[in-house]
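J.: Sharing a structure with you now.
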Amino acid sequence: MATLTYRQALNEALNEELERDSSVFLIGEEVGEYEGAFKVSQGLLKKYGSGRIIDTPISEGGFVGLAVGAAMYGLRPIVEFMNWSFALVAFDQIINNAGAIRFMSGGQFSLPIVFRGPSGGGTQIGATHSHSLESWIANVPTFTVINPAFPADAKGLLKSAIRSNNPVCFFEGERLYGINGEVPEENDFLVPIGKAHIIMEGKDVTVVSSGYSTHVVLKATEELSKENISVELIDLRTIKPYDFDLLAASLKKTNRLVIVEEGKPFAGWGAQIAYDVQRLLFDELDAPIYRVSNLDIPNPYNGPLEQEVLPNPRRVIKAVHEVLG
Amino acid sequence: MVEVNRSPSATLLDEEVTKSGLFELSPEIRLDLYKKMVLIRRFEEKSAQSFMQAKIKGFCHLYIGQEALAVGVCSSLKATDVVITSYRDHGIALARGVPPKNCMAELYGKATGTSKGMGGSMHLFDKERRFYGGHAIVAAHCPLAAGIAFAQKYRKEKNITLCLLGDGAVNQGVFHETLNLVSLWKLPVVFIIENNEYAMGTEIHRSTAGLPLVKKSAAYDMAGMVTDGMDVEEVRAKVLEAVNLARNENCPVLIEARTYRFRGHSMSDPDTYRTKEEIAEAKKRDPLFLYSQKLQEQGILTADLVTRIDKEIKRIIQEAVQFAESSPEPDLSLAREICFANEDQIEPVERPFYGYYN
């Protein structure tokens, strides 16, 4: 095992896949000369040259569409958004083109493309720069949605995403780039898409989360363990398709569920999970499901207020108390 | 028997492209251009009829009046080049050699259609013939064309991409972003604005500043050309010149082709924004009529041959309609199946079907 930061783990994934497959290229604002706004692409321009690490103008509609066209022609583009919020400028290209062309062509054109970049709030960058668009994308039928919480998963899942022939949206927690974690050194370390993992075993309540929220829950469990509340924490890793089976197995043990999701509450992915669980596992539930998400207002700039709007340990603890009665 | 689909000009051989003699069209090629135009005209007339009978649903944007463009453009390309266009796509697909029966079946929404009935009139695709689609969001396919050209250059191929768009598309931001990128990165792509003077019901002087449209190329330091879109041979000559620039110099080109559509924007358009006089005036430039006259004057076409070609093409269209009408409807399992590629380089994931709980 090597200890890497989340950004280093992503960088290793990019490096290994660029090396493995010459049809893979990285495109986005400041990915080359500047080595990435968050330094995820550090050193790649030097190694692979400007033919494969491609700096673009500030022109999301243009370069995203270009990457989609290149994917139709069989290349494997990785599109970096400097911030996922800027992807909104290119949503037509992402949804109407990357999301629909394979289907509308009767399956003739695959879209082996990865859209990735920093996502989420908590760094006081205001409403326009701190969206969590996972649920927006999950609402588009053909996308795989990934949101890793730890460096090892970030690396293994990004490599899997690049090798997928379907469009993938890969959300990196902006607050996670600097965290450290152990990453296996084995050759070609992959994490499968669609599989969650249990971060912490417990018997009283299942808490399911992804990305930065998993760290919020971990913080909350420090308090909860002092109250002798035993939490089983499931980190989804892949939001769509999500690992229903692992969740079901856990619920059979705990019979109580809290969902912690960064994103606006109405019709978020947590609502889908809550629906599925009540529909298919109603008999396993000893209490109504409780869901923690952002409050339904744009993210404020003010620091303490923003923390209040986002899922935070205090709100997670409250949710756990609620389902335990 | 007239061979429409396997014609000599449908695809050019390398030596043909390099030969300057291409500009001097043989009678055989001229006759083929004519036949292709007739095919599109009759296909569209039949589509209109089927739409009126409610056999074709949704939208149906006819190409009548613009046939010289599709045929002139597609006859200037190699089989390995890529063509991409917007929602008025039947004519381009046919000119590219997509079989009429599969096009018709797609308009009927059948499983045998070019997109298995999932695309419809605005979304015809044929990967094998390098026809990268009909795209229905105005200008959204422009950056796709840039991306295909990017991939062609990335792979060091000598192929080019040809992208058709309407005059309404030039006012979308993504069109300008695309021109900036292709010029900046010297991508082998030719854009052809089919300027039929109307963006749906809005006449071009009410929608677009900075006319003529060809001037848009100057802003991005691109080669720009204007062509008479009603003259198939002129279109062919201009496009060939542009294609050679793109292919040999990696130099993107913008062509403004002046044309006119003789029908409304779509079948649901009552066409009240144009006067009868204006349309009648435009019809004097009917590309099919003009070309037929020209070829008859040159002795390439005779009245008898005109009748024979028409008859043969009507037979092809009739067969296409019969094929479409007798083809099966696509089912839900087919629709589900085509959603995802399963040739992933990793273990493919199982995907539940949301909305269906048994």
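Ligands are numbered from 1 in the order shown, residues from 1 within each chain, and chains are lettered A, B, ... in the order they appear in the structure tokens.
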Within 6 Å of Phe170 (chain A), counting only C-alpha atoms, which residues show up once you throw out same-chain ones fewer than 2 positions away? Write them as a VMD selection string, please.

T.: chain A and resid 115 to 116 146

J.: Using N, CA and C atoms, can you write the selected residues to a file as a PDB file, in the first residue's frame?

T.:
ATOM      1  N   PHE A 115     -16.738  12.303 -18.092  1.00  0.00           N
ATOM      2  CA  PHE A 115     -16.757  13.700 -17.683  1.00  0.00           C
ATOM      3  C   PHE A 115     -16.377  13.724 -16.207  1.00  0.00           C
ATOM      4  N   ARG A 116     -15.380  14.526 -15.845  1.00  0.00           N
ATOM      5  CA  ARG A 116     -14.974  14.523 -14.435  1.00  0.00           C
ATOM      6  C   ARG A 116     -14.546  15.916 -13.982  1.00  0.00           C
ATOM      7  N   ILE A 146     -20.589   8.327 -10.697  1.00  0.00           N
ATOM      8  CA  ILE A 146     -19.608   7.855  -9.705  1.00  0.00           C
ATOM      9  C   ILE A 146     -19.201   9.012  -8.806  1.00  0.00           C
TER      10      ILE A 146
END

J.: Write down, as a list in words, each residue of chain A that has any atom within 7 Å of an atom of chain B, counting only C-alpha atoms.

T.: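 Close to chain B, chain A has Ser59, Gly61, Gly62, Gly65, Leu66, Ala67, Val68, Gly69, Ala70, Tyr73, Leu75, Gln93, Arg102, Phe103, Met104, Ser105, Gly106, Gly107, Gln108, Ser110, Thr142, Ser160, Arg163, Ser164, Asn165, Asn166, Ile193, Gly194 and Pro241 of chain A.
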
J.: Taking N, CA, C and O atoms for each residue, export the selection above as an mmCIF file, in the first residue's frame.

T.:
data_model
loop_
_atom_site.group_PDB
_atom_site.id
_atom_site.type_symbol
_atom_site.label_atom_id
_atom_site.label_comp_id
_atom_site.auth_asym_id
_atom_site.auth_seq_id
_atom_site.Cartn_x
_atom_site.Cartn_y
_atom_site.Cartn_z
ATOM 1 N N SER A 59 -14.808 27.425 -23.128
ATOM 2 C CA SER A 59 -15.755 27.178 -24.215
ATOM 3 C C SER A 59 -16.392 25.810 -24.020
ATOM 4 O O SER A 59 -16.244 24.919 -24.852
ATOM 5 N N GLY A 61 -19.389 24.415 -24.172
ATOM 6 C CA GLY A 61 -20.265 23.838 -25.202
ATOM 7 C C GLY A 61 -19.435 23.296 -26.357
ATOM 8 O O GLY A 61 -19.715 22.211 -26.886
ATOM 9 N N GLY A 62 -18.421 24.025 -26.729
ATOM 10 C CA GLY A 62 -17.571 23.624 -27.856
ATOM 11 C C GLY A 62 -16.733 22.408 -27.552
ATOM 12 O O GLY A 62 -16.800 21.402 -28.254
ATOM 13 N N GLY A 65 -18.769 19.156 -26.766
ATOM 14 C CA GLY A 65 -19.322 18.597 -28.004
ATOM 15 C C GLY A 65 -18.239 17.951 -28.842
ATOM 16 O O GLY A 65 -18.431 16.884 -29.425
ATOM 17 N N LEU A 66 -17.087 18.586 -28.874
ATOM 18 C CA LEU A 66 -15.960 18.027 -29.637
ATOM 19 C C LEU A 66 -15.566 16.659 -29.075
ATOM 20 O O LEU A 66 -15.354 15.698 -29.815
ATOM 21 N N ALA A 67 -15.513 16.572 -27.756
ATOM 22 C CA ALA A 67 -15.154 15.291 -27.133
ATOM 23 C C ALA A 67 -16.209 14.227 -27.434
ATOM 24 O O ALA A 67 -15.881 13.062 -27.685
ATOM 25 N N VAL A 68 -17.465 14.614 -27.454
ATOM 26 C CA VAL A 68 -18.531 13.646 -27.763
ATOM 27 C C VAL A 68 -18.372 13.138 -29.202
ATOM 28 O O VAL A 68 -18.481 11.941 -29.475
ATOM 29 N N GLY A 69 -18.070 14.050 -30.124
ATOM 30 C CA GLY A 69 -17.840 13.651 -31.513
ATOM 31 C C GLY A 69 -16.655 12.711 -31.630
ATOM 32 O O GLY A 69 -16.701 11.712 -32.354
ATOM 33 N N ALA A 70 -15.595 13.004 -30.890
ATOM 34 C CA ALA A 70 -14.410 12.136 -30.915
ATOM 35 C C ALA A 70 -14.750 10.752 -30.359
ATOM 36 O O ALA A 70 -14.270 9.731 -30.862
ATOM 37 N N TYR A 73 -16.408 8.625 -32.787
ATOM 38 C CA TYR A 73 -15.457 8.122 -33.790
ATOM 39 C C TYR A 73 -14.510 7.081 -33.173
ATOM 40 O O TYR A 73 -13.581 6.619 -33.823
ATOM 41 N N LEU A 75 -12.558 7.317 -30.214
ATOM 42 C CA LEU A 75 -11.552 7.704 -29.224
ATOM 43 C C LEU A 75 -12.198 7.639 -27.837
ATOM 44 O O LEU A 75 -13.408 7.475 -27.707
ATOM 45 N N GLN A 93 -24.905 19.416 -24.669
ATOM 46 C CA GLN A 93 -23.971 18.441 -25.241
ATOM 47 C C GLN A 93 -23.916 17.167 -24.391
ATOM 48 O O GLN A 93 -23.844 16.058 -24.911
ATOM 49 N N ARG A 102 -26.320 7.220 -28.547
ATOM 50 C CA ARG A 102 -26.282 5.766 -28.707
ATOM 51 C C ARG A 102 -27.698 5.210 -28.895
ATOM 52 O O ARG A 102 -27.962 4.434 -29.812
ATOM 53 N N PHE A 103 -28.600 5.656 -28.068
ATOM 54 C CA PHE A 103 -29.980 5.164 -28.153
ATOM 55 C C PHE A 103 -30.630 5.581 -29.468
ATOM 56 O O PHE A 103 -31.224 4.768 -30.177
ATOM 57 N N MET A 104 -30.494 6.868 -29.813
ATOM 58 C CA MET A 104 -31.198 7.368 -31.003
ATOM 59 C C MET A 104 -30.614 6.829 -32.302
ATOM 60 O O MET A 104 -31.254 6.910 -33.345
ATOM 61 N N SER A 105 -29.395 6.295 -32.234
ATOM 62 C CA SER A 105 -28.825 5.701 -33.442
ATOM 63 C C SER A 105 -29.104 4.198 -33.470
ATOM 64 O O SER A 105 -28.486 3.475 -34.252
ATOM 65 N N GLY A 106 -29.990 3.744 -32.623
ATOM 66 C CA GLY A 106 -30.312 2.318 -32.597
ATOM 67 C C GLY A 106 -29.145 1.480 -32.096
ATOM 68 O O GLY A 106 -29.018 0.318 -32.456
ATOM 69 N N GLY A 107 -28.290 2.091 -31.281
ATOM 70 C CA GLY A 107 -27.163 1.357 -30.708
ATOM 71 C C GLY A 107 -25.912 1.353 -31.573
ATOM 72 O O GLY A 107 -24.949 0.652 -31.269
ATOM 73 N N GLN A 108 -25.897 2.137 -32.646
ATOM 74 C CA GLN A 108 -24.746 2.098 -33.555
ATOM 75 C C GLN A 108 -23.500 2.791 -33.002
ATOM 76 O O GLN A 108 -22.384 2.388 -33.282
ATOM 77 N N SER A 110 -21.337 3.980 -29.818
ATOM 78 C CA SER A 110 -21.068 3.975 -28.382
ATOM 79 C C SER A 110 -20.406 5.286 -27.990
ATOM 80 O O SER A 110 -19.774 5.944 -28.818
ATOM 81 N N THR A 142 -28.868 7.003 -19.518
ATOM 82 C CA THR A 142 -27.716 6.203 -19.949
ATOM 83 C C THR A 142 -26.429 6.446 -19.171
ATOM 84 O O THR A 142 -25.424 5.789 -19.437
ATOM 85 N N SER A 160 -11.716 2.260 -14.126
ATOM 86 C CA SER A 160 -12.869 1.509 -14.661
ATOM 87 C C SER A 160 -13.728 2.398 -15.551
ATOM 88 O O SER A 160 -14.218 1.959 -16.595
ATOM 89 N N ARG A 163 -12.396 2.776 -18.957
ATOM 90 C CA ARG A 163 -12.520 1.556 -19.773
ATOM 91 C C ARG A 163 -13.962 1.200 -20.105
ATOM 92 O O ARG A 163 -14.221 0.221 -20.800
ATOM 93 N N SER A 164 -14.897 1.971 -19.587
ATOM 94 C CA SER A 164 -16.299 1.701 -19.896
ATOM 95 C C SER A 164 -16.632 2.279 -21.270
ATOM 96 O O SER A 164 -16.149 3.349 -21.632
ATOM 97 N N ASN A 165 -17.447 1.569 -22.007
ATOM 98 C CA ASN A 165 -17.868 2.082 -23.318
ATOM 99 C C ASN A 165 -19.139 2.900 -23.234
ATOM 100 O O ASN A 165 -19.724 3.260 -24.248
ATOM 101 N N ASN A 166 -19.573 3.178 -22.020
ATOM 102 C CA ASN A 166 -20.758 4.007 -21.816
ATOM 103 C C ASN A 166 -20.340 5.327 -21.185
ATOM 104 O O ASN A 166 -19.293 5.417 -20.554
ATOM 105 N N ILE A 193 -17.394 -0.846 -11.109
ATOM 106 C CA ILE A 193 -18.502 0.111 -11.122
ATOM 107 C C ILE A 193 -19.745 -0.581 -10.564
ATOM 108 O O ILE A 193 -19.997 -1.755 -10.852
ATOM 109 N N GLY A 194 -20.497 0.127 -9.757
ATOM 110 C CA GLY A 194 -21.777 -0.404 -9.285
ATOM 111 C C GLY A 194 -21.701 -1.177 -7.979
ATOM 112 O O GLY A 194 -22.690 -1.752 -7.541
ATOM 113 N N PRO A 241 -25.416 2.787 -11.591
ATOM 114 C CA PRO A 241 -26.393 2.023 -10.808
ATOM 115 C C PRO A 241 -25.866 1.796 -9.386
ATOM 116 O O PRO A 241 -24.685 1.557 -9.217
#

J.: Using Å and a single decimal, report how far CA of Val40 (chain A) sits from CA of Pro148 (chain A).

T.: 15.0 Å

J.: Do a neighbour search on region 233-250 of chain B at 6 Å with only C-alpha atoms, toss out local chain neighbours closer than 2 positions, and write the hits as a list of chain:residue names.

T.: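 Once the nearby chain positions are removed, what remains is B:Gly72, B:Val73, B:Ser76, B:Ile160, B:Lys186, B:Leu187, B:Pro188, B:Val189, B:Asp231, B:Pro252.
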